[in-house]
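One file, coords06.cif, carrying mmCIF, C-alpha atoms and all ligand atoms:
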data_query
#
loop_
_atom_site.label_atom_id
_atom_site.label_comp_id
_atom_site.auth_asym_id
_atom_site.auth_seq_id
_atom_site.Cartn_x
_atom_site.Cartn_y
_atom_site.Cartn_z
CA MET A 998 3.75 -60.99 33.91
CA HIS A 999 7.06 -62.73 33.32
CA PRO A 1000 8.45 -63.64 36.79
CA ASP A 1001 11.92 -62.21 36.01
CA LEU A 1002 10.26 -58.95 35.00
CA GLU A 1003 8.50 -58.77 38.33
CA ALA A 1004 11.84 -59.06 40.13
CA LEU A 1005 13.29 -56.42 37.80
CA LEU A 1006 10.41 -54.05 38.49
CA ILE A 1007 11.04 -54.38 42.22
CA LEU A 1008 14.73 -53.64 41.59
CA GLN A 1009 13.80 -50.61 39.49
CA GLU A 1010 11.62 -49.35 42.33
CA LYS A 1011 14.58 -49.65 44.73
CA ASP A 1012 16.82 -47.88 42.24
CA GLN A 1013 14.32 -45.06 42.00
CA ALA A 1014 14.49 -44.70 45.77
CA VAL A 1015 18.30 -44.42 45.52
CA THR A 1016 17.94 -41.83 42.75
CA ALA A 1017 15.49 -39.86 44.89
CA THR A 1018 18.06 -39.60 47.69
CA ASP A 1019 20.70 -38.51 45.15
CA GLU A 1020 18.35 -35.78 43.97
CA ALA A 1021 17.60 -34.73 47.53
CA LEU A 1022 21.33 -34.42 48.20
CA ALA A 1023 21.86 -32.40 45.03
CA ALA A 1024 18.98 -30.13 46.05
CA LEU A 1025 20.97 -29.08 49.13
CA ALA A 1026 23.85 -27.81 46.98
CA PRO A 1027 22.38 -24.41 45.97
CA GLU A 1028 21.61 -23.50 49.59
CA LEU A 1029 25.17 -24.37 50.60
CA ALA A 1030 26.55 -22.47 47.62
CA THR A 1031 24.56 -19.36 48.68
CA LEU A 1032 26.04 -19.57 52.19
CA ASP A 1033 29.55 -20.07 50.80
CA ALA A 1034 29.17 -17.11 48.44
CA ALA A 1035 28.03 -14.79 51.25
CA GLN A 1036 30.95 -15.89 53.41
CA ALA A 1037 33.42 -15.49 50.54
CA THR A 1038 32.17 -11.92 49.97
CA ALA A 1039 32.75 -11.04 53.63
CA GLU A 1040 36.19 -12.70 53.57
CA SER A 1041 37.22 -10.82 50.48
CA ALA A 1042 36.02 -7.52 51.99
CA LEU A 1043 38.24 -8.21 55.00
CA ALA A 1044 41.24 -9.07 52.79
CA THR A 1045 40.75 -5.85 50.83
CA ALA A 1046 40.50 -3.80 54.04
CA GLN A 1047 43.65 -5.43 55.42
CA ALA A 1048 45.54 -4.71 52.20
CA ALA A 1049 44.39 -1.08 52.46
CA ILE A 1050 45.99 -0.82 55.93
CA GLN A 1051 49.33 -1.93 54.51
CA ALA A 1052 49.02 0.50 51.60
CA ALA A 1053 48.26 3.38 54.02
CA ILE A 1054 51.22 2.41 56.23
CA ASP A 1055 53.50 2.25 53.20
CA ARG A 1056 52.38 5.71 52.10
CA ARG A 1057 52.89 7.15 55.58
CA ASP A 1058 56.39 5.60 55.77
CA ALA A 1059 57.29 6.95 52.33
CA LEU A 1060 56.23 10.47 53.39
CA GLU A 1061 58.22 10.15 56.58
CA GLY A 1062 61.34 9.24 54.60
CA LYS A 1063 60.74 12.09 52.18
CA ILE A 1064 60.35 14.60 55.02
CA ALA A 1065 63.53 13.41 56.74
CA ASN A 1066 65.30 13.85 53.43
CA TYR A 1067 63.94 17.41 53.01
CA ARG A 1068 65.03 18.31 56.53
CA THR A 1069 68.57 17.11 55.87
CA MET A 1070 68.69 19.18 52.72
CA GLN A 1071 67.41 22.24 54.58
CA GLU A 1072 70.07 21.76 57.22
CA GLN A 1073 72.74 21.60 54.50
CA ARG A 1074 71.43 24.87 52.98
CA ARG A 1075 71.58 26.60 56.36
CA GLN A 1076 75.17 25.48 56.85
CA ARG A 1077 76.11 26.66 53.34
CA LEU A 1078 74.49 30.00 54.13
CA GLU A 1079 76.88 30.53 57.02
CA TRP A 1080 79.90 30.17 54.76
CA VAL A 1081 78.67 31.83 51.64
CA ARG A 1082 80.42 35.12 50.61
CA GLY A 1083 78.63 36.65 47.65
CA ALA A 1084 75.33 38.48 48.20
CA LYS A 1085 73.78 36.96 45.06
CA GLU A 1086 74.65 33.41 46.12
CA ALA A 1087 73.28 34.16 49.60
CA SER A 1088 69.98 35.45 48.27
CA THR A 1089 69.63 32.41 45.99
CA LEU A 1090 70.16 30.15 48.99
CA MET A 1091 67.63 32.17 51.02
CA ALA A 1092 65.08 31.81 48.26
CA GLU A 1093 65.72 28.04 48.14
CA LEU A 1094 65.34 27.82 51.91
CA ASP A 1095 62.01 29.66 51.76
CA LEU A 1096 60.68 27.52 48.95
CA ALA A 1097 61.81 24.31 50.61
CA ARG A 1098 60.22 25.43 53.88
CA SER A 1099 56.80 25.77 52.30
CA VAL A 1100 57.20 22.45 50.46
CA LEU A 1101 58.17 20.82 53.77
CA ALA A 1102 55.15 22.33 55.49
CA LYS A 1103 52.90 20.83 52.83
CA GLU A 1104 54.55 17.44 53.13
CA GLU A 1105 54.21 17.54 56.90
CA ALA A 1106 50.52 18.29 56.61
CA GLU A 1107 50.28 15.41 54.14
CA PHE A 1108 52.09 13.18 56.64
CA MET A 1109 49.53 14.03 59.34
CA ARG A 1110 46.73 13.13 56.95
CA SER A 1111 48.47 9.86 56.05
CA GLY A 1112 48.46 8.97 59.75
CA ASP A 1113 44.70 9.60 59.83
CA ALA A 1114 44.36 7.42 56.73
CA VAL A 1115 46.10 4.53 58.53
CA ALA A 1116 43.71 4.89 61.47
CA GLU A 1117 40.75 5.02 59.08
CA ALA A 1118 41.96 1.92 57.22
CA GLU A 1119 42.32 0.11 60.54
CA ARG A 1120 38.82 1.13 61.54
CA LYS A 1121 37.43 -0.19 58.25
CA ALA A 1122 39.31 -3.49 58.64
CA ALA A 1123 37.92 -3.90 62.15
CA GLU A 1124 34.46 -3.28 60.72
CA ALA A 1125 35.05 -5.88 57.97
CA GLU A 1126 36.25 -8.35 60.59
CA LYS A 1127 33.10 -7.76 62.59
CA GLY A 1128 31.06 -8.20 59.42
CA LEU A 1129 32.69 -11.55 58.71
CA ALA A 1130 32.12 -12.70 62.29
CA GLU A 1131 28.44 -11.73 61.96
CA VAL A 1132 28.09 -13.66 58.71
CA ARG A 1133 29.68 -16.72 60.34
CA ALA A 1134 27.46 -16.45 63.40
CA ARG A 1135 24.33 -15.99 61.28
CA GLN A 1136 25.25 -18.95 59.07
CA ALA A 1137 26.18 -21.34 61.86
CA PRO A 1138 22.62 -22.57 62.57
CA GLN A 1139 21.83 -22.70 58.83
CA ARG A 1140 24.94 -24.74 58.14
CA GLU A 1141 24.15 -27.00 61.05
CA ALA A 1142 20.62 -27.58 59.74
CA LEU A 1143 21.99 -28.32 56.28
CA ALA A 1144 24.53 -30.77 57.67
CA GLY A 1145 21.73 -32.46 59.62
CA LYS A 1146 19.57 -32.79 56.50
CA ARG A 1147 22.53 -34.13 54.59
CA GLU A 1148 23.29 -36.71 57.23
CA THR A 1149 19.68 -37.91 57.21
CA ILE A 1150 19.63 -38.22 53.43
CA VAL A 1151 23.00 -40.01 53.35
CA ALA A 1152 21.63 -42.55 55.83
CA GLN A 1153 18.48 -42.96 53.69
CA ARG A 1154 20.63 -43.46 50.63
CA GLU A 1155 22.71 -46.13 52.32
CA GLN A 1156 19.56 -47.98 53.30
CA ALA A 1157 18.03 -47.61 49.84
CA PHE A 1158 21.24 -48.84 48.26
CA ALA A 1159 21.40 -51.89 50.53
CA GLU A 1160 17.80 -52.72 49.58
CA ARG A 1161 18.65 -52.32 45.91
CA GLU A 1162 21.60 -54.68 46.30
CA ARG A 1163 19.37 -57.25 47.99
CA ALA A 1164 16.83 -56.94 45.16
CA THR A 1165 19.46 -57.85 42.56
CA ALA A 1166 19.72 -61.32 44.10
CA ASN A 1167 16.31 -62.20 42.64
CA VAL A 1168 17.31 -61.30 39.08
CA GLY A 1169 19.23 -63.61 36.74
CA ALA A 1170 22.79 -62.54 35.93
CA SER A 1171 22.34 -61.95 32.21
CA LEU A 1172 19.06 -60.07 32.66
CA LEU A 1173 20.65 -57.99 35.42
CA ALA A 1174 23.54 -57.15 33.10
CA ARG A 1175 21.05 -56.12 30.41
CA TYR A 1176 19.15 -53.99 32.92
CA GLU A 1177 22.34 -52.25 34.08
CA ARG A 1178 23.39 -51.63 30.47
CA ILE A 1179 20.05 -49.96 29.69
CA ARG A 1180 20.30 -47.91 32.88
CA ARG A 1181 23.62 -46.50 31.73
CA GLY A 1182 21.94 -45.34 28.52
CA LYS A 1183 19.82 -42.28 27.81
CA ALA A 1184 16.45 -43.51 29.09
CA PRO A 1185 15.77 -42.44 32.70
CA LEU A 1186 14.48 -45.94 33.51
CA ALA A 1187 15.19 -49.41 32.13
CA LEU A 1188 11.60 -50.70 32.27
CA TYR A 1189 8.54 -49.04 30.84
CA PRO A 1190 4.93 -50.21 30.60
CA LEU A 1191 3.30 -50.46 27.20
CA HIS A 1192 1.43 -47.31 26.34
CA GLY A 1193 -1.49 -48.59 24.27
CA ASP A 1194 0.26 -50.37 21.43
CA ALA A 1195 3.48 -48.37 21.80
CA CYS A 1196 6.60 -48.19 23.95
CA GLY A 1197 5.92 -46.22 27.13
CA HIS A 1198 9.23 -44.38 26.82
CA CYS A 1199 9.67 -43.42 23.16
CA PHE A 1200 6.13 -44.15 21.93
CA THR A 1201 7.28 -46.16 18.95
CA ALA A 1202 4.65 -48.72 17.96
CA VAL A 1203 5.34 -52.27 19.13
CA PRO A 1204 4.46 -55.00 16.58
CA THR A 1205 1.32 -56.99 17.47
CA GLN A 1206 3.19 -60.28 17.80
CA ARG A 1207 5.66 -58.95 20.35
CA ARG A 1208 2.96 -57.08 22.17
CA ALA A 1209 1.08 -60.34 22.60
CA LEU A 1210 4.22 -61.98 24.04
CA ILE A 1211 4.63 -59.12 26.50
CA GLN A 1212 1.00 -59.19 27.54
CA ARG A 1213 1.09 -62.93 28.10
CA GLY A 1214 4.33 -62.62 30.04
CA ALA A 1215 5.82 -65.21 27.69
CA SER A 1216 9.13 -63.43 27.12
CA ILE A 1217 10.99 -60.28 27.99
CA GLU A 1218 10.91 -57.92 25.05
CA GLY A 1219 12.82 -54.71 24.50
CA CYS A 1220 11.64 -51.71 22.47
CA GLU A 1221 13.13 -51.94 18.98
CA ALA A 1222 13.60 -48.18 18.87
CA CYS A 1223 14.97 -47.13 22.28
CA GLY A 1224 15.96 -50.48 23.82
CA VAL A 1225 14.06 -50.24 27.13
CA LEU A 1226 12.39 -53.39 28.48
CA LEU A 1227 8.62 -53.42 28.11
CA TYR A 1228 5.93 -54.84 30.35
CA ALA A 1229 2.15 -54.84 30.29
CA GLY A 1230 0.87 -52.05 32.51
CA GLU A 1231 -2.25 -52.23 34.63
ZN ZN A 1301 11.00 -47.21 23.09
#
Kindly present the structure from the file in structure tokens form.
Ligand SMILES: [Zn+2]
Amino acid sequence: MHPDLEALLILQEKDQAVTATDEALAALAPELATLDAAQATAESALATAQAAIQAAIDRRDALEGKIANYRTMQEQRRQRLEWVRGAKEASTLMAELDLARSVLAKEEAEFMRSGDAVAEAERKAAEAEKGLAEVRARQAPQREALAGKRETIVAQREQAFAERERATANVGASLLARYERIRRGKAPLALYPLHGDACGHCFTAVPTQRRALIQRGASIEGCEACGVLLYAGE
């Protein structure tokens, strides 16, 4: 085999080790996303429950204001009743007083219920808060384990990358540039073994003459179709 190709193959091996750590890191993402989603659900349930408390308080306050208003109006009717002369006017006022009294009674009952609704909303929010705390507690060891795995892989990646950098020292500058250019392309790897009489990546036939050069290790040949560098496999 061409000596430069041997150095390149070693480099490719190191690059594959780096890629493996990248894939291992990416594989952790779904697990983390699942944890984040569960936590977000619990957080949003708490936010909804807290908003419901405010809505219940607002409704209770509105009823309180309405009732105070009704009471003032009733008081004004009673005062007018004391001064009124005509019997017809008096009976109209009496009827109004009666009607308003029953409306007020309904509103007061509604006000009591609105107070219960506030208490209920507060109970639900406390429950949601407890739910969120439980999710966090349950996730803590899982997140810790994930962080530990991540740390290990990051360290492995650093080591693999350092080895890959060292391996580049044994490759000529122009060949290294060619290798890097191929790596940025579509093929997963830059070097492929011959597959019979064809390119090991795209399986396009390699002319006999070039195949002979590759097998003898006389020169470094690229596939005419996909551009990867070819070497004679075992
Ligand atoms: Zn090819």
Taking all atoms listed in the file into account, list the residues no farther than 8 Å from ligand ZN 1301 (chain A), as an MDAnalysis selection string.
chainID A and resid 1195:1201 1219:1225
Selection to disk with C-alpha atoms, as an mmCIF file, keeping the file's coordinate frame:
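Result file selection_33.cif:
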data_model
loop_
_atom_site.group_PDB
_atom_site.id
_atom_site.type_symbol
_atom_site.label_atom_id
_atom_site.label_comp_id
_atom_site.auth_asym_id
_atom_site.auth_seq_id
_atom_site.Cartn_x
_atom_site.Cartn_y
_atom_site.Cartn_z
ATOM 1 C CA ALA A 1195 3.480 -48.370 21.800
ATOM 2 C CA CYS A 1196 6.600 -48.190 23.950
ATOM 3 C CA GLY A 1197 5.920 -46.220 27.130
ATOM 4 C CA HIS A 1198 9.230 -44.380 26.820
ATOM 5 C CA CYS A 1199 9.670 -43.420 23.160
ATOM 6 C CA PHE A 1200 6.130 -44.150 21.930
ATOM 7 C CA THR A 1201 7.280 -46.160 18.950
ATOM 8 C CA GLY A 1219 12.820 -54.710 24.500
ATOM 9 C CA CYS A 1220 11.640 -51.710 22.470
ATOM 10 C CA GLU A 1221 13.130 -51.940 18.980
ATOM 11 C CA ALA A 1222 13.600 -48.180 18.870
ATOM 12 C CA CYS A 1223 14.970 -47.130 22.280
ATOM 13 C CA GLY A 1224 15.960 -50.480 23.820
ATOM 14 C CA VAL A 1225 14.060 -50.240 27.130
#
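Distance-wise, atom CA of Ala1044 of chain A and atom CA of Phe1108 of chain A end up 25.1 Å apart.
Note that atom CA of Glu1061 of chain A and atom CA of Glu1104 of chain A are 8.9 Å apart.
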From the set A:Phe1158, A:Met1070, A:Arg1181, A:Ile1007, which residue has the shortest atom-to-atom contact distance to Leu1101 of chain A, counting only C-alpha atoms?
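Closest candidate: A:Met1070.
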Rank nothing, just name the residue among A:Gln1206, A:Gln1051, A:Gln1153, A:Asn1167 nearest to Ala1014 of chain A, using all atoms listed in the file.
A:Gln1153
Counting only C-alpha atoms, what is within 9 Å of segment 1020-1022 of chain A, bar same-chain residues fewer than 3 positions away, as a PyMOL selection string?
chain A and resi 1015-1017+1025-1026+1146-1147+1150-1151
What are the closest atom pairs, with distances in Å to one decimal, for all residues of segment 1030-1064 of chain A lying within 10 Å of segment 1118-1128 of chain A? Consider only C-alpha atoms, order rows by chain and residue number, and present the result as JSON lines.
{"residue": "A:Gln1036", "atom": "CA", "partner": "A:Gly1128", "partner_atom": "CA", "distance": 9.8}
{"residue": "A:Ala1039", "atom": "CA", "partner": "A:Gly1128", "partner_atom": "CA", "distance": 6.7}
{"residue": "A:Glu1040", "atom": "CA", "partner": "A:Ala1125", "partner_atom": "CA", "distance": 8.2}
{"residue": "A:Ser1041", "atom": "CA", "partner": "A:Ala1125", "partner_atom": "CA", "distance": 9.2}
{"residue": "A:Ala1042", "atom": "CA", "partner": "A:Ala1125", "partner_atom": "CA", "distance": 6.3}
{"residue": "A:Leu1043", "atom": "CA", "partner": "A:Ala1125", "partner_atom": "CA", "distance": 4.9}
{"residue": "A:Ala1044", "atom": "CA", "partner": "A:Ala1122", "partner_atom": "CA", "distance": 8.3}
{"residue": "A:Thr1045", "atom": "CA", "partner": "A:Ala1122", "partner_atom": "CA", "distance": 8.3}
{"residue": "A:Ala1046", "atom": "CA", "partner": "A:Ala1122", "partner_atom": "CA", "distance": 4.8}
{"residue": "A:Gln1047", "atom": "CA", "partner": "A:Ala1122", "partner_atom": "CA", "distance": 5.7}
{"residue": "A:Ala1048", "atom": "CA", "partner": "A:Ala1122", "partner_atom": "CA", "distance": 9.0}
{"residue": "A:Ala1049", "atom": "CA", "partner": "A:Ala1118", "partner_atom": "CA", "distance": 6.1}
{"residue": "A:Ile1050", "atom": "CA", "partner": "A:Ala1118", "partner_atom": "CA", "distance": 5.0}
{"residue": "A:Gln1051", "atom": "CA", "partner": "A:Ala1118", "partner_atom": "CA", "distance": 8.7}
{"residue": "A:Ala1052", "atom": "CA", "partner": "A:Ala1118", "partner_atom": "CA", "distance": 9.1}
{"residue": "A:Ala1053", "atom": "CA", "partner": "A:Ala1118", "partner_atom": "CA", "distance": 7.2}
{"residue": "A:Ile1054", "atom": "CA", "partner": "A:Ala1118", "partner_atom": "CA", "distance": 9.3}
One residue among A:Glu1160, A:Arg1057, A:Gly1145, A:Leu1096 is nearest to Asp1113 of chain A when using only C-alpha atoms, and that residue is A:Arg1057
From the options A:Leu1094, A:Leu1032, A:Ile1217, A:Ala1159, which residue's atoms come nearest to Gln1071 of chain A, counting all atoms listed in the file?
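With all atoms listed in the file as the atom set, the closest residue is A:Leu1094.
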Taking into account only C-alpha atoms, which residue in the set A:Arg1075, A:Leu1029, A:Leu1186, A:Ala1106 is nearest to Ala1092 of chain A?
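That would be A:Arg1075, the residue with the smallest distance to Ala1092 of chain A.
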Selected residue of minimal separation from Ser1111 of chain A among A:Glu1079, A:Asp1058, A:Asp1033, A:Glu1162, counting only C-alpha atoms:
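The answer is A:Asp1058, which sits nearest to Ser1111 of chain A.
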Can you pull out the residues contacting Pro1000 of chain A? Cut-off 10 Å, using only C-alpha atoms, and skip same-chain residues under 4 positions away; I want them as a ChimeraX atom specification.
/A:1004-1006,1167-1168,1214-1217
What is the atom CA of Leu1226 of chain A to atom CA of Ser1171 of chain A distance in Å?
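Computing the Euclidean distance for atom CA of Leu1226 of chain A and atom CA of Ser1171 of chain A yields 13.6 Å.
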Can you report as lines of an AutoDock Vina configuration file the centre and edge lengths in Å, to one decimal, of an axis-aligned box around the listed atoms of segment 999-1004 of chain A padded with 6 Å on each side?
center_x = 9.5
center_y = -61.2
center_z = 36.7
size_x = 16.9
size_y = 16.9
size_z = 18.8
